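Novice: So here's coords07.cif, just mmCIF, C-alpha atoms and all ligand atoms:
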data_input
loop_
_atom_site.label_atom_id
_atom_site.label_comp_id
_atom_site.auth_asym_id
_atom_site.auth_seq_id
_atom_site.Cartn_x
_atom_site.Cartn_y
_atom_site.Cartn_z
CA MET A 1 160.97 14.75 71.10
CA PRO A 2 162.37 14.36 67.57
CA PRO A 3 165.02 11.69 66.91
CA LEU A 4 168.38 12.91 68.21
CA PRO A 5 171.41 11.61 66.32
CA ALA A 6 174.73 10.77 67.99
CA GLY A 7 177.70 12.94 67.05
CA PRO A 8 178.70 16.60 67.20
CA VAL A 9 176.13 19.26 68.05
CA ALA A 10 176.17 22.89 66.91
CA VAL A 11 173.84 25.46 68.46
CA LEU A 12 173.05 28.85 66.91
CA CYS A 13 171.62 31.22 69.53
CA GLY A 14 169.70 34.44 69.04
CA ALA A 15 168.15 37.12 71.19
CA GLY A 16 165.23 34.89 72.24
CA LEU A 17 167.64 32.87 74.41
CA ALA A 18 168.05 35.91 76.67
CA ALA A 19 164.39 37.01 76.64
CA ALA A 20 163.71 35.22 79.93
CA SER A 21 166.66 37.11 81.44
CA GLY A 22 164.91 40.39 80.61
CA VAL A 23 166.96 41.36 77.56
CA PRO A 24 164.61 42.71 74.86
CA THR A 25 164.69 41.00 71.48
CA PHE A 26 165.30 43.08 68.36
CA ARG A 27 162.23 42.33 66.29
CA GLY A 28 158.84 42.76 67.87
CA PRO A 29 157.21 45.46 69.97
CA ALA A 30 159.50 45.15 73.00
CA GLY A 31 162.57 45.55 70.79
CA LEU A 32 161.87 49.11 69.80
CA TRP A 33 163.85 51.96 71.30
CA ARG A 34 162.70 55.54 70.92
CA ARG A 35 161.03 54.40 67.71
CA HIS A 36 164.39 53.60 66.13
CA ARG A 37 164.93 50.21 64.54
CA PRO A 38 168.26 48.43 65.13
CA GLU A 39 168.89 48.53 61.40
CA GLU A 40 168.82 52.34 61.64
CA LEU A 41 171.19 52.59 64.61
CA ALA A 42 173.54 49.65 64.24
CA THR A 43 175.29 50.83 61.10
CA PRO A 44 178.58 52.60 60.34
CA ALA A 45 176.58 55.37 58.62
CA ALA A 46 174.46 56.00 61.74
CA PHE A 47 177.62 56.23 63.84
CA ALA A 48 179.24 58.65 61.41
CA ARG A 49 176.09 60.79 61.39
CA ASP A 50 175.35 60.84 65.12
CA PRO A 51 177.81 58.90 67.34
CA ARG A 52 176.16 60.18 70.49
CA LEU A 53 172.74 58.84 69.51
CA VAL A 54 174.20 55.44 68.65
CA TRP A 55 176.10 55.39 71.95
CA GLU A 56 172.97 56.37 73.88
CA TRP A 57 171.32 53.25 72.49
CA TYR A 58 174.29 51.04 73.44
CA ASP A 59 174.61 52.70 76.84
CA TRP A 60 170.90 52.07 77.51
CA ARG A 61 171.35 48.43 76.55
CA ARG A 62 174.50 48.05 78.65
CA GLY A 63 172.67 49.41 81.70
CA LEU A 64 169.73 47.11 81.09
CA ILE A 65 171.83 43.98 80.47
CA ALA A 66 174.00 44.70 83.53
CA GLY A 67 170.93 44.00 85.65
CA CYS A 68 170.16 40.69 83.92
CA ARG A 69 171.19 37.17 84.91
CA PRO A 70 171.65 34.03 82.78
CA ASN A 71 168.50 31.88 82.66
CA ALA A 72 167.72 28.15 82.52
CA GLY A 73 168.32 28.14 78.76
CA HIS A 74 171.88 29.45 79.18
CA ARG A 75 172.49 26.94 81.96
CA ALA A 76 171.23 24.06 79.82
CA LEU A 77 173.53 25.01 76.94
CA ALA A 78 176.49 25.28 79.33
CA ARG A 79 175.66 21.78 80.55
CA LEU A 80 175.56 20.55 76.96
CA ALA A 81 178.93 22.16 76.19
CA GLY A 82 180.47 20.64 79.30
CA SER A 83 179.00 17.17 78.97
CA ARG A 84 178.80 16.34 75.29
CA PRO A 85 182.13 16.29 73.43
CA GLY A 86 182.03 18.00 70.06
CA THR A 87 179.50 20.66 71.05
CA THR A 88 179.92 24.13 69.55
CA LEU A 89 177.89 27.07 70.82
CA ILE A 90 177.53 29.89 68.31
CA SER A 91 175.97 33.15 69.49
CA GLN A 92 174.60 36.19 67.73
CA ASN A 93 174.09 37.79 71.14
CA VAL A 94 176.35 40.57 72.36
CA ASP A 95 175.05 40.51 75.96
CA GLY A 96 177.74 38.26 77.48
CA LEU A 97 175.19 36.22 79.44
CA GLN A 98 176.10 32.80 78.02
CA GLU A 99 179.80 33.38 78.77
CA ARG A 100 178.90 33.84 82.43
CA VAL A 101 177.93 30.15 82.77
CA PRO A 102 181.09 28.03 82.65
CA PRO A 103 182.22 26.07 80.75
CA ALA A 104 180.27 27.69 77.90
CA ARG A 105 182.53 29.66 75.58
CA PRO A 106 180.35 30.54 72.61
CA LEU A 107 181.76 31.75 69.32
CA LEU A 108 180.65 35.38 69.19
CA LEU A 109 179.50 36.18 65.67
CA HIS A 110 178.38 39.73 66.46
CA GLY A 111 180.96 40.75 69.07
CA SER A 112 180.38 41.89 72.64
CA ILE A 113 178.65 44.97 74.04
CA TRP A 114 181.23 44.93 76.87
CA ARG A 115 184.15 45.56 74.52
CA LEU A 116 185.15 48.77 72.74
CA ARG A 117 187.55 49.67 69.99
CA CYS A 118 188.95 52.81 68.43
CA ALA A 119 186.74 54.06 65.60
CA GLY A 120 189.62 56.11 64.25
CA GLY A 121 191.71 53.04 63.52
CA CYS A 122 194.74 54.15 65.57
CA GLY A 123 195.83 50.56 65.92
CA ARG A 124 194.92 50.03 69.56
CA GLY A 125 193.33 46.60 70.03
CA GLU A 126 189.89 46.07 71.55
CA TRP A 127 189.47 46.71 75.25
CA GLU A 128 186.96 45.59 77.83
CA ASP A 129 184.79 48.06 79.75
CA ARG A 130 182.15 46.49 81.98
CA ARG A 131 180.79 49.67 83.55
CA PRO A 132 176.99 49.51 83.18
CA ARG A 133 176.80 53.17 82.18
CA LEU A 134 179.69 55.08 80.65
CA PRO A 135 180.57 58.45 82.21
CA GLU A 136 181.13 60.16 78.86
CA LEU A 137 179.16 59.70 75.64
CA PRO A 138 180.54 59.08 73.15
CA PRO A 139 183.55 57.49 74.90
CA ARG A 140 187.05 58.15 73.60
CA CYS A 141 189.99 55.97 72.69
CA PRO A 142 192.49 56.10 75.59
CA ASP A 143 195.42 56.06 73.16
CA CYS A 144 194.57 58.63 70.49
CA GLY A 145 191.55 60.47 71.95
CA GLY A 146 189.45 59.70 68.88
CA LEU A 147 185.95 58.28 69.06
CA ALA A 148 185.54 54.78 70.48
CA ARG A 149 182.84 52.44 69.21
CA PRO A 150 181.27 49.26 70.53
CA ALA A 151 183.17 46.17 69.38
CA VAL A 152 180.06 44.75 67.81
CA VAL A 153 179.21 43.93 64.22
CA TRP A 154 177.01 46.49 62.51
CA PHE A 155 174.84 46.00 59.46
CA GLY A 156 177.01 46.08 56.38
CA GLU A 157 180.13 44.93 58.25
CA GLY A 158 181.87 41.58 58.06
CA LEU A 159 181.82 39.06 60.88
CA PRO A 160 184.97 38.33 62.93
CA ALA A 161 186.80 36.01 60.56
CA GLY A 162 187.99 33.44 63.08
CA SER A 163 184.63 33.01 64.79
CA TRP A 164 182.85 32.76 61.47
CA ARG A 165 185.28 30.18 60.12
CA ARG A 166 184.90 28.01 63.21
CA ALA A 167 181.12 28.41 63.21
CA ALA A 168 180.85 27.42 59.55
CA ALA A 169 183.13 24.44 60.14
CA ALA A 170 181.01 23.31 63.11
CA ALA A 171 177.78 23.70 61.12
CA SER A 172 179.23 21.70 58.23
CA ALA A 173 180.47 18.88 60.45
CA CYS A 174 177.68 18.49 63.02
CA ALA A 175 175.12 15.70 63.23
CA LEU A 176 172.59 17.88 65.02
CA PHE A 177 172.06 21.62 64.60
CA LEU A 178 169.86 23.63 66.97
CA ALA A 179 168.57 27.11 66.07
CA VAL A 180 167.54 28.66 69.38
CA GLY A 181 165.66 31.93 69.82
CA THR A 182 166.56 33.48 66.50
CA SER A 183 164.29 34.96 63.86
CA ALA A 184 166.82 33.56 61.35
CA VAL A 185 166.60 36.60 59.09
CA VAL A 186 170.03 38.20 59.63
CA GLN A 187 172.74 36.90 57.33
CA PRO A 188 175.22 35.38 57.25
CA ALA A 189 174.45 33.85 60.68
CA ALA A 190 171.07 32.47 59.59
CA GLY A 191 172.77 30.77 56.65
CA LEU A 192 174.42 28.36 59.10
CA ILE A 193 171.07 26.56 59.37
CA ASP A 194 170.99 25.84 55.63
CA LEU A 195 174.69 24.99 55.68
CA ALA A 196 174.16 22.38 58.39
CA ARG A 197 171.08 20.93 56.73
CA SER A 198 172.68 20.64 53.33
CA ALA A 199 175.67 18.91 54.96
CA GLY A 200 173.31 16.27 56.35
CA ALA A 201 172.66 17.42 59.93
CA VAL A 202 169.29 17.04 61.61
CA THR A 203 168.09 20.61 62.23
CA ILE A 204 165.78 21.61 65.08
CA GLU A 205 164.35 25.04 65.84
CA VAL A 206 163.55 26.07 69.42
CA ASN A 207 161.27 29.11 69.34
CA PRO A 208 157.80 30.02 70.64
CA GLU A 209 157.02 31.51 67.20
CA PRO A 210 157.88 29.23 64.26
CA THR A 211 160.11 31.11 61.79
CA ALA A 212 160.55 30.76 58.04
CA ALA A 213 163.81 28.83 58.56
CA ALA A 214 163.88 25.51 56.73
CA VAL A 215 164.41 23.01 59.55
CA ASP A 216 163.55 19.35 60.02
CA HIS A 217 161.75 19.76 63.35
CA ARG A 218 160.30 22.59 65.41
CA LEU A 219 160.06 22.57 69.19
CA VAL A 220 157.55 25.35 69.73
CA GLY A 221 158.06 27.05 73.09
CA PRO A 222 160.46 29.18 75.09
CA ALA A 223 164.13 28.22 75.20
CA GLU A 224 164.23 28.37 79.00
CA GLU A 225 161.62 25.60 79.15
CA ILE A 226 162.57 23.46 76.16
CA LEU A 227 166.37 23.47 76.42
CA PRO A 228 166.66 21.84 79.88
CA ALA A 229 164.60 18.84 78.68
CA LEU A 230 166.31 18.71 75.28
CA VAL A 231 169.78 18.83 76.82
CA ALA A 232 168.86 16.14 79.34
CA ALA A 233 168.07 13.89 76.36
CA LEU A 234 171.37 14.76 74.69
CA VAL A 235 173.89 14.23 77.50
P1 LIG A 301 165.33 38.71 66.81
O1 LIG A 301 164.85 39.76 67.72
O2 LIG A 301 165.29 38.97 65.35
O3 LIG A 301 164.50 37.37 67.05
C1 LIG A 301 164.28 36.87 68.34
C2 LIG A 301 163.60 35.53 68.22
O4 LIG A 301 163.47 35.01 69.52
C3 LIG A 301 162.18 35.59 67.62
O5 LIG A 301 162.07 34.60 66.60
C4 LIG A 301 161.27 35.26 68.80
O6 LIG A 301 160.12 34.50 68.42
C5 LIG A 301 162.20 34.40 69.65
N1 LIG A 301 161.89 34.33 71.08
C6 LIG A 301 161.27 35.24 71.87
N2 LIG A 301 161.21 34.80 73.14
C7 LIG A 301 161.82 33.59 73.16
C8 LIG A 301 162.09 32.61 74.18
N3 LIG A 301 161.73 32.82 75.46
N4 LIG A 301 162.74 31.49 73.83
C9 LIG A 301 163.13 31.28 72.54
N5 LIG A 301 162.91 32.15 71.55
C10 LIG A 301 162.27 33.30 71.85
O7 LIG A 301 166.80 38.31 67.31
P2 LIG A 301 167.99 37.60 66.50
O8 LIG A 301 167.48 36.53 65.59
O9 LIG A 301 169.01 37.22 67.49
O10 LIG A 301 172.44 41.80 65.02
O11 LIG A 301 168.53 38.79 65.63
C11 LIG A 301 169.67 38.60 64.85
C12 LIG A 301 170.51 39.84 64.84
O12 LIG A 301 169.72 40.97 64.46
C13 LIG A 301 171.08 40.26 66.18
O13 LIG A 301 172.24 39.56 66.52
C14 LIG A 301 171.35 41.70 65.95
C15 LIG A 301 170.06 42.09 65.33
O14 LIG A 301 170.07 43.24 64.62
C16 LIG A 301 173.43 42.66 65.23
O15 LIG A 301 173.48 43.35 66.21
C17 LIG A 301 174.44 42.65 64.14
#
Once more with this new file: its structure as structure tokens, please.
Specialist:
Amino acid sequence: MPPLPAGPVAVLCGAGLAAASGVPTFRGPAGLWRRHRPEELATPAAFARDPRLVWEWYDWRRGLIAGCRPNAGHRALARLAGSRPGTTLISQNVDGLQERVPPARPLLLHGSIWRLRCAGGCGRGEWEDRRPRLPELPPRCPDCGGLARPAVVWFGEGLPAGSWRRAAAAASACALFLAVGTSAVVQPAAGLIDLARSAGAVTIEVNPEPTAAAVDHRLVGPAEEILPALVAALV
């Protein structure tokens, strides 16, 4: 176990955290869907070109995730959030699994697959829809009848300003920064690792496959095995 400093902890989570729950990661063989890459489907241009195809992908993922349960990694992070003051959980995941383990309330950098918003910009705020499969694809805005879209961040779009601001503040102020289950290639989220390190935090990666992220220490293994032991040493 690397040396663990006292003080605030920030945790950046990626798709690998939910792998043990059965949610496919994005990069790697299991992440492919009908031979489309996420970068080709999760964009405003893809939605403008073929909203039904994009929604079929999200609907498939919603159905899959609806059958998944939080795993020991999620539970360990919830324990950390509840037991160690000054802990900030930051998630790139849209699956909603971490939020299901109280008291974890992660900052959602990429939105939620369980929320929708009007793509036509009629002014209606986001709404929640937790049905595993939607009856109509693409779904429509209940107010204006225009196309609805998933309330997630697509490539080329900005992150939710409030969540990003709080995540960057946590990364800048923490003593320990954990990068869990992320390939650390998608910006700006991956930049939080460098931000934390340059601000003086000890940085630790938890991942079975070491990434190119510049961190101080690597705990090589699955999050669902490493996090329970790591959190036990932190609380
Ligand atoms: P990726 O699919 O890019 O990376 C998943 C990482 O999880 C890889 O580094 C794997 O080695 C690791 N991994 C696999 N199993 C694991 C386990 N059991 N425990 C720990 N780690 C494990 O997913 P992200 O880095 O989250 O963006 O991808 C970032 C963003 O790219 C996503 O949020 C999404 C995607 O396109 C948007 O939707 C905007």
Novice: Please give me, as a list in words, the residues lying within 6 Å of ligand LIG 301 (chain A) when counting all atoms listed in the file.
Specialist: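 Using all atoms listed in the file, everything at most 6 Å from ligand LIG 301 (chain A) comes to Gly14, Ala15, Gly16, Leu17, Ala19, Ala20, Thr25, Phe26, Arg27, Pro38, Gln92, Asn93, His110, Val153, Trp154, Phe155, Gly181, Thr182, Ser183, Ala184, Val186, Asn207, Pro208, Glu209, Pro222 and Ala223 of chain A.
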Novice: Between atom CA of Ala151 of chain A and atom CA of Ala104 of chain A, what is the distance in Å, rounded to a tenth?
Specialist: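 Interatomic distance, atom CA of Ala151 of chain A to atom CA of Ala104 of chain A: 20.6 Å.
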Novice: Return the single residue from A:Glu157, A:Glu205, A:Asp194, A:Glu56 that is closest to Leu219 of chain A, with distances computed using all atoms listed in the file.
Specialist: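 Ranked by minimum distance to Leu219 of chain A, first place goes to A:Glu205.
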Novice: Calculated over all atoms listed in the file, which of the candidates A:Ala10, A:Leu89, A:Gly82, A:Ser198 has the smallest distance to Leu108 of chain A?
Specialist: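 Ranking A:Ala10, A:Leu89, A:Gly82, A:Ser198 by distance to Leu108 of chain A, first place goes to A:Leu89.
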Novice: What does the distance between atom CA of Ala78 of chain A and atom CA of Pro102 of chain A come to in Å, to one decimal place?
Specialist: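 Distance between the two atoms: 6.3 Å.
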Novice: Can you rebuild segment 92-103 of chain A with all heavy atoms and give it as a CSV table (one decimal), in the coordinates of the input?
Specialist:
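Output file rebuild09.csv follows:
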chain,number,residue,atom,x,y,z
A,92,GLN,N,174.8,34.9,68.4
A,92,GLN,CA,174.6,36.2,67.7
A,92,GLN,C,174.5,37.3,68.8
A,92,GLN,O,174.4,38.4,68.5
A,92,GLN,CB,173.3,36.2,66.9
A,92,GLN,CG,173.3,35.2,65.7
A,92,GLN,CD,172.0,35.1,65.1
A,92,GLN,OE1,171.6,35.9,64.2
A,92,GLN,NE2,171.1,34.2,65.5
A,93,ASN,N,174.4,36.8,70.1
A,93,ASN,CA,174.1,37.8,71.1
A,93,ASN,C,175.4,38.5,71.6
A,93,ASN,O,176.4,37.9,71.7
A,93,ASN,CB,173.4,37.1,72.3
A,93,ASN,CG,172.1,36.4,71.9
A,93,ASN,OD1,171.5,36.8,70.9
A,93,ASN,ND2,171.6,35.5,72.7
A,94,VAL,N,175.2,39.8,71.9
A,94,VAL,CA,176.4,40.6,72.4
A,94,VAL,C,176.3,40.8,73.9
A,94,VAL,O,177.1,41.5,74.4
A,94,VAL,CB,176.4,41.9,71.6
A,94,VAL,CG1,176.5,41.8,70.1
A,94,VAL,CG2,175.1,42.8,71.9
A,95,ASP,N,175.3,40.2,74.6
A,95,ASP,CA,175.0,40.5,76.0
A,95,ASP,C,176.0,39.9,77.0
A,95,ASP,O,176.1,40.3,78.1
A,95,ASP,CB,173.6,40.1,76.3
A,95,ASP,CG,173.3,38.6,76.0
A,95,ASP,OD1,174.2,37.8,76.2
A,95,ASP,OD2,172.2,38.4,75.6
A,96,GLY,N,176.8,38.9,76.6
A,96,GLY,CA,177.7,38.3,77.5
A,96,GLY,C,177.1,37.3,78.5
A,96,GLY,O,177.8,36.8,79.4
A,97,LEU,N,175.8,37.1,78.4
A,97,LEU,CA,175.2,36.2,79.4
A,97,LEU,C,175.6,34.8,79.4
A,97,LEU,O,175.9,34.1,80.4
A,97,LEU,CB,173.7,36.3,79.3
A,97,LEU,CG,173.1,37.7,79.7
A,97,LEU,CD1,171.6,37.7,79.5
A,97,LEU,CD2,173.4,38.0,81.2
A,98,GLN,N,175.7,34.2,78.1
A,98,GLN,CA,176.1,32.8,78.0
A,98,GLN,C,177.5,32.6,78.6
A,98,GLN,O,177.8,31.6,79.2
A,98,GLN,CB,176.0,32.3,76.6
A,98,GLN,CG,176.3,30.9,76.4
A,98,GLN,CD,175.2,30.0,77.0
A,98,GLN,OE1,174.2,29.8,76.4
A,98,GLN,NE2,175.5,29.4,78.1
A,99,GLU,N,178.4,33.5,78.3
A,99,GLU,CA,179.8,33.4,78.8
A,99,GLU,C,179.9,33.3,80.3
A,99,GLU,O,180.9,32.9,80.8
A,99,GLU,CB,180.7,34.5,78.2
A,99,GLU,CG,180.8,34.7,76.7
A,99,GLU,CD,179.7,35.6,76.2
A,99,GLU,OE1,178.5,35.2,76.3
A,99,GLU,OE2,180.0,36.6,75.6
A,100,ARG,N,178.9,33.8,81.0
A,100,ARG,CA,178.9,33.8,82.4
A,100,ARG,C,178.6,32.5,83.1
A,100,ARG,O,178.6,32.3,84.3
A,100,ARG,CB,177.9,34.9,83.0
A,100,ARG,CG,178.5,36.3,82.8
A,100,ARG,CD,177.5,37.4,83.1
A,100,ARG,NE,176.8,37.2,84.4
A,100,ARG,CZ,175.8,38.0,84.8
A,100,ARG,NH1,175.4,39.0,84.0
A,100,ARG,NH2,175.3,37.8,86.0
A,101,VAL,N,178.2,31.5,82.2
A,101,VAL,CA,177.9,30.2,82.8
A,101,VAL,C,179.0,29.2,82.3
A,101,VAL,O,178.9,28.7,81.2
A,101,VAL,CB,176.5,29.6,82.3
A,101,VAL,CG1,176.1,28.5,83.2
A,101,VAL,CG2,175.5,30.8,82.3
A,102,PRO,N,180.1,29.0,83.1
A,102,PRO,CA,181.1,28.0,82.6
A,102,PRO,C,180.5,26.6,82.5
A,102,PRO,O,179.5,26.3,83.2
A,102,PRO,CB,182.1,28.1,83.8
A,102,PRO,CG,181.6,28.9,84.9
A,102,PRO,CD,180.3,29.5,84.4
A,103,PRO,N,181.0,25.8,81.6
A,103,PRO,CA,182.2,26.1,80.8
A,103,PRO,C,181.9,26.6,79.4
A,103,PRO,O,182.7,26.5,78.5
A,103,PRO,CB,182.8,24.7,80.6
A,103,PRO,CG,181.7,23.8,80.6
A,103,PRO,CD,180.6,24.4,81.4
